[in-house]
>>> print(open('protein19.cif').read())   # mmCIF, C-alpha atoms
data_structure
loop_
_atom_site.label_atom_id
_atom_site.label_comp_id
_atom_site.auth_asym_id
_atom_site.auth_seq_id
_atom_site.Cartn_x
_atom_site.Cartn_y
_atom_site.Cartn_z
CA MET A 1 21.94 21.08 7.75
CA LYS A 2 20.33 18.95 10.47
CA PRO A 3 21.97 15.57 11.14
CA LYS A 4 19.90 12.79 9.56
CA ILE A 5 19.22 9.89 11.91
CA GLY A 6 17.78 6.66 10.52
CA VAL A 7 15.07 5.10 12.71
CA ILE A 8 14.29 1.47 11.86
CA LEU A 9 10.72 0.43 12.68
CA ALA A 10 9.29 -3.11 12.73
CA GLY A 11 5.54 -2.66 12.49
CA CYS A 12 3.08 -0.93 14.85
CA GLY A 13 2.42 -2.42 18.28
CA VAL A 14 4.59 -4.02 20.97
CA TYR A 15 3.61 -7.66 20.43
CA ASP A 16 4.11 -7.98 16.65
CA GLY A 17 5.77 -4.69 15.66
CA SER A 18 7.61 -1.71 17.13
CA GLU A 19 6.83 -0.61 20.67
CA VAL A 20 4.74 2.48 19.91
CA THR A 21 5.77 4.61 22.90
CA GLU A 22 9.48 3.86 22.41
CA SER A 23 9.18 4.82 18.74
CA VAL A 24 7.37 8.11 19.40
CA LEU A 25 9.69 9.09 22.26
CA THR A 26 12.72 8.36 20.04
CA LEU A 27 11.34 10.65 17.32
CA LEU A 28 10.47 13.35 19.88
CA ALA A 29 13.96 13.20 21.43
CA LEU A 30 15.63 13.36 18.00
CA GLU A 31 13.58 16.40 16.94
CA LYS A 32 14.25 18.15 20.25
CA ALA A 33 17.98 17.45 19.79
CA GLY A 34 17.90 19.18 16.39
CA ALA A 35 18.06 16.04 14.24
CA GLU A 36 15.96 15.04 11.24
CA PRO A 37 14.59 11.52 11.73
CA VAL A 38 14.53 9.33 8.60
CA CYS A 39 12.15 6.46 9.27
CA MET A 40 12.47 3.13 7.52
CA ALA A 41 11.22 -0.46 7.79
CA PRO A 42 11.46 -3.71 5.81
CA ASP A 43 8.89 -4.03 2.99
CA LYS A 44 7.77 -7.58 3.78
CA GLU A 45 5.09 -9.54 5.57
CA GLN A 46 5.09 -9.52 9.39
CA LEU A 47 5.99 -12.81 11.12
CA HIS A 48 2.40 -12.78 12.40
CA VAL A 49 -0.35 -10.47 13.66
CA ILE A 50 -1.19 -10.42 17.38
CA ASN A 51 -4.49 -9.15 18.80
CA HIS A 52 -3.10 -6.69 21.37
CA LEU A 53 -6.19 -7.04 23.57
CA THR A 54 -6.09 -10.84 23.93
CA GLY A 55 -2.47 -11.62 23.06
CA GLU A 56 -3.60 -14.21 20.50
CA GLU A 57 -2.54 -14.61 16.87
CA THR A 58 -5.24 -13.46 14.46
CA GLY A 59 -4.19 -15.24 11.27
CA GLU A 60 -4.20 -11.92 9.37
CA LYS A 61 -1.40 -10.88 7.01
CA ARG A 62 0.11 -7.40 7.45
CA ASN A 63 3.15 -5.71 5.90
CA VAL A 64 5.90 -4.36 8.20
CA LEU A 65 6.48 -1.15 6.21
CA VAL A 66 2.76 -0.40 5.79
CA GLU A 67 1.99 -0.90 9.49
CA SER A 68 5.09 1.05 10.59
CA ALA A 69 3.74 3.95 8.52
CA ARG A 70 0.91 4.28 11.09
CA ILE A 71 3.37 5.56 13.69
CA VAL A 72 4.86 8.24 11.43
CA ARG A 73 1.92 9.50 9.34
CA GLY A 74 3.20 7.71 6.21
CA ASN A 75 6.62 9.36 6.27
CA ILE A 76 8.72 6.20 5.91
CA GLU A 77 10.74 4.30 3.32
CA ASP A 78 11.98 0.77 2.57
CA VAL A 79 15.04 0.00 4.69
CA ALA A 80 16.50 -2.00 1.79
CA ALA A 81 16.78 1.23 -0.21
CA ALA A 82 18.55 3.18 2.54
CA SER A 83 22.24 4.05 2.36
CA ALA A 84 24.62 4.73 5.23
CA ASP A 85 26.05 7.59 3.14
CA ASP A 86 22.80 9.52 3.64
CA LEU A 87 22.71 9.03 7.41
CA ASP A 88 24.70 10.38 10.35
CA ALA A 89 23.53 7.72 12.79
CA LEU A 90 20.93 5.01 13.36
CA VAL A 91 18.46 4.24 16.18
CA LEU A 92 16.41 1.07 16.64
CA PRO A 93 13.36 1.33 18.96
CA GLY A 94 12.23 -1.97 20.51
CA GLY A 95 9.10 -4.09 20.74
CA PHE A 96 8.78 -7.84 20.12
CA GLY A 97 8.37 -7.05 16.40
CA ALA A 98 12.01 -5.95 16.29
CA ALA A 99 12.94 -9.52 17.31
CA LYS A 100 10.36 -11.04 14.95
CA ASN A 101 10.55 -8.90 11.80
CA LEU A 102 13.95 -7.12 11.86
CA SER A 103 15.55 -10.31 13.14
CA ARG A 104 14.14 -13.73 14.07
CA PHE A 105 15.85 -13.60 17.49
CA ALA A 106 12.53 -14.04 19.34
CA VAL A 107 11.76 -17.22 17.38
CA ASP A 108 15.15 -18.78 16.56
CA GLY A 109 17.42 -17.25 19.24
CA PRO A 110 20.93 -15.97 18.46
CA ASP A 111 20.97 -17.89 15.14
CA GLY A 112 17.74 -16.25 13.94
CA GLU A 113 18.15 -14.53 10.59
CA VAL A 114 18.60 -10.77 10.60
CA ASP A 115 16.63 -9.08 7.79
CA PRO A 116 19.20 -8.57 5.00
CA GLY A 117 18.39 -4.87 4.53
CA VAL A 118 18.62 -4.22 8.25
CA ARG A 119 21.89 -6.18 8.58
CA LYS A 120 23.45 -4.36 5.62
CA LEU A 121 22.50 -0.91 6.94
CA ILE A 122 23.77 -1.63 10.46
CA GLU A 123 27.04 -2.98 9.05
CA GLU A 124 27.50 0.03 6.74
CA VAL A 125 26.64 2.66 9.35
CA HIS A 126 28.86 0.94 11.91
CA GLY A 127 31.63 0.48 9.34
CA ALA A 128 31.59 4.22 8.72
CA ARG A 129 32.17 4.80 12.48
CA LYS A 130 28.72 6.40 12.82
CA PRO A 131 26.86 5.85 16.13
CA ILE A 132 23.96 3.44 16.62
CA GLY A 133 21.43 3.44 19.47
CA PHE A 134 19.72 0.16 20.40
CA ILE A 135 16.59 0.33 22.58
CA CYS A 136 14.80 -2.41 24.59
CA ILE A 137 15.24 -5.83 22.88
CA THR A 138 17.16 -4.49 19.83
CA PRO A 139 20.60 -4.90 21.51
CA ALA A 140 19.99 -8.56 20.60
CA ILE A 141 20.28 -7.46 16.94
CA ALA A 142 23.46 -5.53 17.82
CA ALA A 143 24.83 -8.79 19.25
CA GLN A 144 23.82 -10.75 16.16
CA VAL A 145 25.43 -8.28 13.73
CA LEU A 146 28.32 -6.84 15.78
CA GLY A 147 28.89 -9.58 18.39
CA GLY A 148 32.10 -10.64 16.65
CA GLU A 149 33.62 -7.32 17.73
CA GLY A 150 32.65 -7.92 21.35
CA VAL A 151 30.15 -5.07 21.36
CA GLU A 152 28.86 -4.04 24.83
CA VAL A 153 25.10 -3.65 25.24
CA THR A 154 22.30 -3.79 27.81
CA ILE A 155 18.79 -5.19 27.72
CA GLY A 156 18.36 -4.42 31.43
CA THR A 157 18.59 -7.32 33.87
CA ASP A 158 17.06 -10.39 32.17
CA ASP A 159 19.64 -13.18 32.61
CA GLU A 160 18.26 -15.49 29.94
CA THR A 161 18.27 -12.85 27.19
CA ALA A 162 21.66 -11.61 28.42
CA SER A 163 23.07 -15.16 28.02
CA ALA A 164 21.68 -15.42 24.49
CA ILE A 165 23.30 -12.07 23.67
CA GLU A 166 26.65 -13.15 25.12
CA SER A 167 26.56 -16.37 23.07
CA CYS A 168 26.98 -14.10 20.00
CA GLY A 169 30.25 -12.75 21.39
CA ALA A 170 28.72 -9.54 22.70
CA ARG A 171 29.14 -8.46 26.31
CA HIS A 172 26.00 -7.76 28.34
CA VAL A 173 26.02 -5.09 31.04
CA LYS A 174 23.17 -4.69 33.55
CA CYS A 175 21.52 -1.26 33.49
CA ALA A 176 18.59 0.54 35.14
CA VAL A 177 15.56 1.63 33.09
CA ASP A 178 16.46 5.32 33.29
CA GLU A 179 20.09 4.78 32.33
CA ILE A 180 22.10 3.87 29.22
CA HIS A 181 25.12 1.73 28.58
CA GLU A 182 27.76 3.33 26.35
CA ASP A 183 30.33 1.45 24.27
CA PRO A 184 32.26 4.48 23.00
CA GLU A 185 34.91 2.42 21.22
CA ARG A 186 32.26 0.88 18.97
CA ARG A 187 29.95 3.90 19.13
CA VAL A 188 27.05 1.78 20.31
CA VAL A 189 24.67 2.94 23.05
CA SER A 190 21.73 1.00 24.50
CA THR A 191 18.93 1.41 27.07
CA PRO A 192 16.47 -1.15 28.55
CA ALA A 193 13.22 0.87 28.08
CA TYR A 194 10.25 -1.56 28.27
CA MET A 195 12.54 -4.53 29.01
CA LEU A 196 12.25 -3.03 32.52
CA GLY A 197 9.90 -0.02 32.40
CA GLN A 198 6.15 0.10 33.03
CA GLY A 199 5.03 3.32 31.37
CA PRO A 200 5.98 6.28 29.14
CA ALA A 201 7.33 8.46 31.98
CA GLU A 202 9.58 5.62 33.15
CA VAL A 203 11.14 4.83 29.73
CA ALA A 204 11.49 8.44 28.51
CA PRO A 205 14.69 9.40 30.45
CA GLY A 206 16.71 6.43 29.11
CA ILE A 207 15.58 7.10 25.54
CA ASP A 208 16.44 10.81 25.92
CA LYS A 209 19.94 9.94 27.19
CA LEU A 210 20.46 7.43 24.37
CA VAL A 211 19.55 10.04 21.76
CA GLN A 212 21.79 12.65 23.42
CA THR A 213 24.72 10.21 23.30
CA VAL A 214 24.08 9.37 19.64
CA MET A 215 24.03 13.09 18.83
CA ALA A 216 27.21 13.76 20.86
CA TRP A 217 29.06 11.01 18.95
CA ILE A 218 28.20 12.38 15.50
CA ARG A 219 31.37 13.79 14.02
CA MET B 1 -4.59 8.12 45.24
CA LYS B 2 -3.59 9.35 41.80
CA PRO B 3 -6.30 11.14 39.81
CA LYS B 4 -7.73 8.82 37.15
CA ILE B 5 -7.97 10.39 33.71
CA GLY B 6 -9.92 8.65 30.98
CA VAL B 7 -8.22 8.73 27.56
CA ILE B 8 -10.52 7.83 24.65
CA LEU B 9 -8.74 6.27 21.67
CA ALA B 10 -10.16 5.65 18.18
CA GLY B 11 -7.86 3.03 16.65
CA CYS B 12 -4.14 3.19 15.83
CA GLY B 13 -2.90 5.51 13.09
CA VAL B 14 -3.73 9.06 12.02
CA TYR B 15 -5.78 8.26 8.90
CA ASP B 16 -8.25 5.70 10.30
CA GLY B 17 -7.60 5.78 14.06
CA SER B 18 -6.00 7.88 16.77
CA GLU B 19 -2.99 10.01 15.93
CA VAL B 20 -0.25 7.89 17.49
CA THR B 21 2.09 10.70 18.58
CA GLU B 22 -0.76 12.73 20.13
CA SER B 23 -1.90 9.64 22.05
CA VAL B 24 1.57 8.77 23.38
CA LEU B 25 2.37 12.38 24.32
CA THR B 26 -0.97 12.64 26.15
CA LEU B 27 -0.17 9.53 28.18
CA LEU B 28 3.38 10.75 28.87
CA ALA B 29 2.13 14.16 30.02
CA LEU B 30 -0.51 12.56 32.27
CA GLU B 31 2.02 10.24 33.93
CA LYS B 32 4.48 13.10 34.43
CA ALA B 33 1.69 15.16 36.02
CA GLY B 34 1.04 12.38 38.54
CA ALA B 35 -2.17 11.03 36.98
CA GLU B 36 -3.18 7.46 36.20
CA PRO B 37 -4.39 7.21 32.58
CA VAL B 38 -7.38 4.92 32.01
CA CYS B 39 -7.50 4.12 28.31
CA MET B 40 -10.71 3.22 26.54
CA ALA B 41 -12.16 2.88 23.03
CA PRO B 42 -15.39 1.73 21.38
CA ASP B 43 -15.61 -2.04 20.83
CA LYS B 44 -16.82 -1.88 17.21
CA GLU B 45 -15.61 -2.07 13.65
CA GLN B 46 -13.59 0.87 12.28
CA LEU B 47 -15.28 2.99 9.58
CA HIS B 48 -12.54 1.69 7.25
CA VAL B 49 -8.85 0.76 7.12
CA ILE B 50 -6.39 3.07 5.37
CA ASN B 51 -2.97 1.97 4.10
CA HIS B 52 -0.85 4.68 5.78
CA LEU B 53 1.83 4.44 3.09
CA THR B 54 -0.45 5.04 0.09
CA GLY B 55 -3.46 6.74 1.70
CA GLU B 56 -5.80 4.23 0.05
CA GLU B 57 -8.57 2.13 1.61
CA THR B 58 -7.57 -1.51 1.95
CA GLY B 59 -10.98 -3.19 2.31
CA GLU B 60 -9.86 -4.89 5.55
CA LYS B 61 -12.01 -4.99 8.68
CA ARG B 62 -10.44 -3.96 11.98
CA ASN B 63 -11.90 -3.33 15.45
CA VAL B 64 -11.41 0.09 17.09
CA LEU B 65 -10.74 -1.29 20.60
CA VAL B 66 -8.38 -4.04 19.36
CA GLU B 67 -6.32 -1.63 17.23
CA SER B 68 -6.26 1.04 19.96
CA ALA B 69 -4.74 -1.62 22.23
CA ARG B 70 -1.57 -1.46 20.07
CA ILE B 71 -0.79 2.02 21.39
CA VAL B 72 -1.13 1.03 25.05
CA ARG B 73 0.25 -2.53 25.25
CA GLY B 74 -3.23 -4.00 25.68
CA ASN B 75 -4.10 -1.89 28.72
CA ILE B 76 -7.49 -0.62 27.53
CA GLU B 77 -11.21 -1.19 28.06
CA ASP B 78 -14.54 -0.75 26.28
CA VAL B 79 -15.65 2.90 26.54
CA ALA B 80 -19.28 1.73 26.81
CA ALA B 81 -18.43 0.12 30.18
CA ALA B 82 -16.74 3.25 31.59
CA SER B 83 -18.38 5.38 34.28
CA ALA B 84 -17.79 9.05 35.01
CA ASP B 85 -17.87 8.12 38.72
CA ASP B 86 -14.53 6.32 38.32
CA LEU B 87 -12.82 9.20 36.51
CA ASP B 88 -11.56 12.63 37.53
CA ALA B 89 -11.30 13.96 33.98
CA LEU B 90 -11.26 12.95 30.32
CA VAL B 91 -8.87 13.62 27.41
CA LEU B 92 -9.47 12.89 23.73
CA PRO B 93 -6.38 12.71 21.48
CA GLY B 94 -6.99 13.43 17.79
CA GLY B 95 -6.48 11.76 14.42
CA PHE B 96 -8.99 11.32 11.60
CA GLY B 97 -10.18 8.15 13.36
CA ALA B 98 -11.62 10.32 16.14
CA ALA B 99 -13.89 11.94 13.51
CA LYS B 100 -14.62 8.58 11.85
CA ASN B 101 -15.02 6.13 14.74
CA LEU B 102 -15.79 8.22 17.87
CA SER B 103 -18.06 10.44 15.78
CA ARG B 104 -18.94 10.48 12.09
CA PHE B 105 -18.03 14.18 11.84
CA ALA B 106 -15.45 13.54 9.08
CA VAL B 107 -18.07 11.79 6.95
CA ASP B 108 -21.40 13.40 7.82
CA GLY B 109 -20.33 16.78 9.23
CA PRO B 110 -21.90 18.32 12.34
CA ASP B 111 -24.90 15.95 12.09
CA GLY B 112 -22.65 12.85 12.09
CA GLU B 113 -23.57 10.40 14.84
CA VAL B 114 -21.42 10.45 17.97
CA ASP B 115 -20.70 6.92 19.24
CA PRO B 116 -23.30 6.36 22.01
CA GLY B 117 -20.74 5.23 24.61
CA VAL B 118 -18.50 8.22 23.87
CA ARG B 119 -21.42 10.65 23.98
CA LYS B 120 -22.71 9.25 27.27
CA LEU B 121 -19.28 9.41 28.94
CA ILE B 122 -18.60 12.99 27.77
CA GLU B 123 -22.06 14.06 28.97
CA GLU B 124 -21.63 12.37 32.37
CA VAL B 125 -18.08 13.65 32.99
CA HIS B 126 -19.09 17.15 31.91
CA GLY B 127 -22.32 16.94 33.94
CA ALA B 128 -20.22 16.18 37.04
CA ARG B 129 -18.21 19.40 36.39
CA LYS B 130 -15.06 17.37 35.69
CA PRO B 131 -12.62 18.77 33.10
CA ILE B 132 -12.27 17.49 29.53
CA GLY B 133 -9.33 18.09 27.16
CA PHE B 134 -9.96 17.95 23.41
CA ILE B 135 -6.94 17.63 21.09
CA CYS B 136 -6.62 18.23 17.31
CA ILE B 137 -9.94 17.43 15.54
CA THR B 138 -11.76 16.21 18.68
CA PRO B 139 -13.09 19.71 19.56
CA ALA B 140 -15.56 18.86 16.76
CA ILE B 141 -16.93 16.16 19.09
CA ALA B 142 -17.04 18.72 21.92
CA ALA B 143 -19.15 20.91 19.62
CA GLN B 144 -21.45 18.03 18.70
CA VAL B 145 -22.06 17.01 22.35
CA LEU B 146 -21.72 20.33 24.23
CA GLY B 147 -22.41 22.89 21.49
CA GLY B 148 -25.82 23.65 22.99
CA GLU B 149 -24.01 25.22 25.94
CA GLY B 150 -21.94 27.43 23.65
CA VAL B 151 -18.70 25.67 24.53
CA GLU B 152 -15.50 27.44 23.37
CA VAL B 153 -12.90 25.35 21.54
CA THR B 154 -10.06 25.57 19.03
CA ILE B 155 -9.00 23.36 16.15
CA GLY B 156 -6.34 25.91 15.16
CA THR B 157 -7.03 28.13 12.16
CA ASP B 158 -9.00 26.05 9.62
CA ASP B 159 -11.99 28.21 8.68
CA GLU B 160 -14.09 25.44 7.14
CA THR B 161 -13.85 23.14 10.17
CA ALA B 162 -14.35 26.16 12.45
CA SER B 163 -17.62 26.99 10.63
CA ALA B 164 -18.84 23.42 10.98
CA ILE B 165 -18.06 23.56 14.70
CA GLU B 166 -19.88 26.88 15.11
CA SER B 167 -22.94 25.47 13.33
CA CYS B 168 -23.35 23.22 16.41
CA GLY B 169 -23.64 26.28 18.67
CA ALA B 170 -20.01 26.10 19.83
CA ARG B 171 -17.66 29.07 19.57
CA HIS B 172 -14.39 28.60 17.72
CA VAL B 173 -11.30 30.52 18.81
CA LYS B 174 -8.11 30.61 16.71
CA CYS B 175 -5.03 29.27 18.49
CA ALA B 176 -1.34 28.55 17.74
CA VAL B 177 -0.02 24.98 17.73
CA ASP B 178 1.92 25.43 20.98
CA GLU B 179 -0.99 27.06 22.81
CA ILE B 180 -4.31 25.99 24.32
CA HIS B 181 -7.73 27.56 24.49
CA GLU B 182 -9.38 27.39 27.90
CA ASP B 183 -13.12 27.55 28.57
CA PRO B 184 -12.95 27.59 32.38
CA GLU B 185 -16.71 28.05 32.84
CA ARG B 186 -17.36 24.74 31.07
CA ARG B 187 -14.03 23.18 32.13
CA VAL B 188 -13.13 22.42 28.54
CA VAL B 189 -9.61 22.94 27.18
CA SER B 190 -8.40 22.32 23.62
CA THR B 191 -5.22 22.50 21.52
CA PRO B 192 -4.67 22.25 17.73
CA ALA B 193 -1.79 19.67 17.74
CA TYR B 194 -1.55 18.10 14.25
CA MET B 195 -4.34 20.35 12.89
CA LEU B 196 -1.38 22.76 12.62
CA GLY B 197 1.79 20.96 13.75
CA GLN B 198 4.31 19.06 11.63
CA GLY B 199 6.13 16.83 14.13
CA PRO B 200 6.30 15.53 17.72
CA ALA B 201 8.41 18.40 19.07
CA GLU B 202 5.94 20.93 17.65
CA VAL B 203 2.77 19.36 19.09
CA ALA B 204 4.22 18.38 22.50
CA PRO B 205 4.04 21.83 24.22
CA GLY B 206 0.31 22.29 23.48
CA ILE B 207 -0.51 18.78 24.69
CA ASP B 208 1.56 19.35 27.86
CA LYS B 209 -0.29 22.61 28.57
CA LEU B 210 -3.67 20.97 27.93
CA VAL B 211 -2.88 18.18 30.42
CA GLN B 212 -1.62 20.69 33.00
CA THR B 213 -4.88 22.64 32.70
CA VAL B 214 -6.98 19.47 33.04
CA MET B 215 -5.00 18.55 36.20
CA ALA B 216 -5.33 22.05 37.63
CA TRP B 217 -9.11 21.97 37.20
CA ILE B 218 -9.57 18.68 39.05
CA ARG B 219 -11.24 19.48 42.35
#
>>> encode(input="protein19.cif", output="structure tokens")
Amino acid sequence: MKPKIGVILAGCGVYDGSEVTESVLTLLALEKAGAEPVCMAPDKEQLHVINHLTGEETGEKRNVLVESARIVRGNIEDVAAASADDLDALVLPGGFGAAKNLSRFAVDGPDGEVDPGVRKLIEEVHGARKPIGFICITPAIAAQVLGGEGVEVTIGTDDETASAIESCGARHVKCAVDEIHEDPERRVVSTPAYMLGQGPAEVAPGIDKLVQTVMAWIR
Amino acid sequence: MKPKIGVILAGCGVYDGSEVTESVLTLLALEKAGAEPVCMAPDKEQLHVINHLTGEETGEKRNVLVESARIVRGNIEDVAAASADDLDALVLPGGFGAAKNLSRFAVDGPDGEVDPGVRKLIEEVHGARKPIGFICITPAIAAQVLGGEGVEVTIGTDDETASAIESCGARHVKCAVDEIHEDPERRVVSTPAYMLGQGPAEVAPGIDKLVQTVMAWIR
């Protein structure tokens, strides 16, 4: 039996959903490592829709689960229906949509609401001592949910975001784009990806290392 | 100076746009090979919008260039404004959108109109003896534009699509998912990708080999 790794998506596109390259490279790394990715996303309306050519809001309404399905050829389910019992680990790719749709961190800061289904799954997976990988901006969600335990994460080198993360009780550690930060006690691993990187070849090594650590920590 | 490789996208999502994984893995392979990808797409309305969860048409209107921008963080231009003089080669990732928006092959078969900007760029790049890589269903576009020269391509093993391609004057050659078919005389290389593959790890080797061949053929 292949280990089943939940991958939580937040839409399709860096500015209002999941960062597409980070999502694909996570799935590629998981498959190469012998895992079976189980993709999931919240079944709700996106915070907003951004025209990725102009950076402007379009006024359209789109659903997070439906748009996330574009990345994975429709092979995705509602995160609210997922159970930690069915998973060996969890990985959250980044993109602004992670901090808009999975949590409201990008809008409301550390107090921004975490999607209830996402919060519940992170808490259950973590409570079962199963590893979780947080990529790019999603360590902010780790801080929101697991900050009370003093979880250690990285979002790269951005001092302002690092301060917001530390205000949740989490500890921020600076990290290069091609590296990861491991918190083995809490089985949390993170990598900066596009918080620092400029292109697919630059973010791939950190994502590969994150996935390898997640796999190594599976009991 | 890094070689500049044009990458023509067709929207964002396998059923009405570019296959997301094929697009990302093409860009990753190009960067790793030392190339600078130059992404482009037609600035026009998509044929239609498909809900990737249900497979049904939604009735929405979306623009091919604007949606393609989601894959590449907004770093993309109108294909109609591109010139073969500025490029060393061209690669076309697949997805049904390639046969709906770059050409109407999926709707009207071999006689389906090829987008004028896409046709012109393929003709100019090919006319300058620069290599072109066709992934997944896009060898159908190769057949439509270059079939008169008897170009050799693969879309894997699908007999019906192969017949349609041969009706354009092209020659179809069967090929495994992790292999490529080279037509060195015409500097055209193709790989089946998701015409046969089931996941990122399965389609990556063929896309890598296709990109390596394109790079090797650059003068």
>>> interface_residues(input="protein19.cif", of="chain A", to="chain B", cutoff="8 Å", atoms="all atoms listed in the file", output="VMD selection string")
chain A and resid 12 to 15 20 to 21 24 27 to 29 31 to 32 51 to 54 65 to 67 69 to 76 199 to 201
>>> atom_distance(input="protein19.cif", atom1="CA of Ala106 (chain A)", atom2="CA of Gln144 (chain A)")
12.2 Å
>>> resolve_selection(input="protein19.cif", expression="the PyMOL selection byres ((chain A and resi 89-93) around 8)", output="list in words")
Lys4, Ile5, Gly6, Val7, Ile8, Leu9, Ser18, Glu19, Glu22, Ser23, Thr26, Leu87, Asp88, Gly94, Gly95, Ala98, Ile122, Val125, Lys130, Pro131, Ile132, Gly133, Phe134, Ile135, Cys136, Thr138, Val214 and Ile218 of chain A
>>> atom_distance(input="protein19.cif", atom1="CA of Leu210 (chain B)", atom2="CA of Arg187 (chain B)")
11.4 Å
>>> residues_around(input="protein19.cif", residues="region 155-164 of chain B", least_positions_apart="4", cutoff="8 Å", atoms="only C-alpha atoms", output="ChimeraX atom specification")
/B:109-110,135-137,139-140,168,172-177,190-192,195-196
>>> resolve_selection(input="protein19.cif", expression="the PyMOL selection byres ((chain B and resi 43-46) around 9)", output="list in words")
Ala10, Gly11, Asp16, Gly17, Ala41, Pro42, Leu47, His48, Val49, Lys61, Arg62, Asn63, Val64, Leu65, Val66, Glu77, Asp78, Val79, Ala80, Gly97, Lys100 and Asn101 of chain B
>>> atom_distance(input="protein19.cif", atom1="CA of Asp115 (chain B)", atom2="CA of Leu102 (chain B)")
5.3 Å
>>> closest_residue(input="protein19.cif", among="A:Ile141, A:Pro184, A:Asp178, A:Met40", to="Ala81 (chain A)", atoms="all atoms listed in the file")
A:Met40
>>> resolve_selection(input="protein19.cif", expression="the PyMOL selection byres ((chain B and resi 123) around 12)", output="PyMOL selection string")
chain B and resi 83-84+89-90+114+116-122+124-132+141-149+186
>>> axis_aligned_box(input="protein19.cif", around="region 171-188 of chain B", padding_each_side="4 Å", output="AutoDock Vina command-line options")
--center_x -7.9 --center_y 26.5 --center_z 24.8 --size_x 27.6 --size_y 16.2 --size_z 24.1
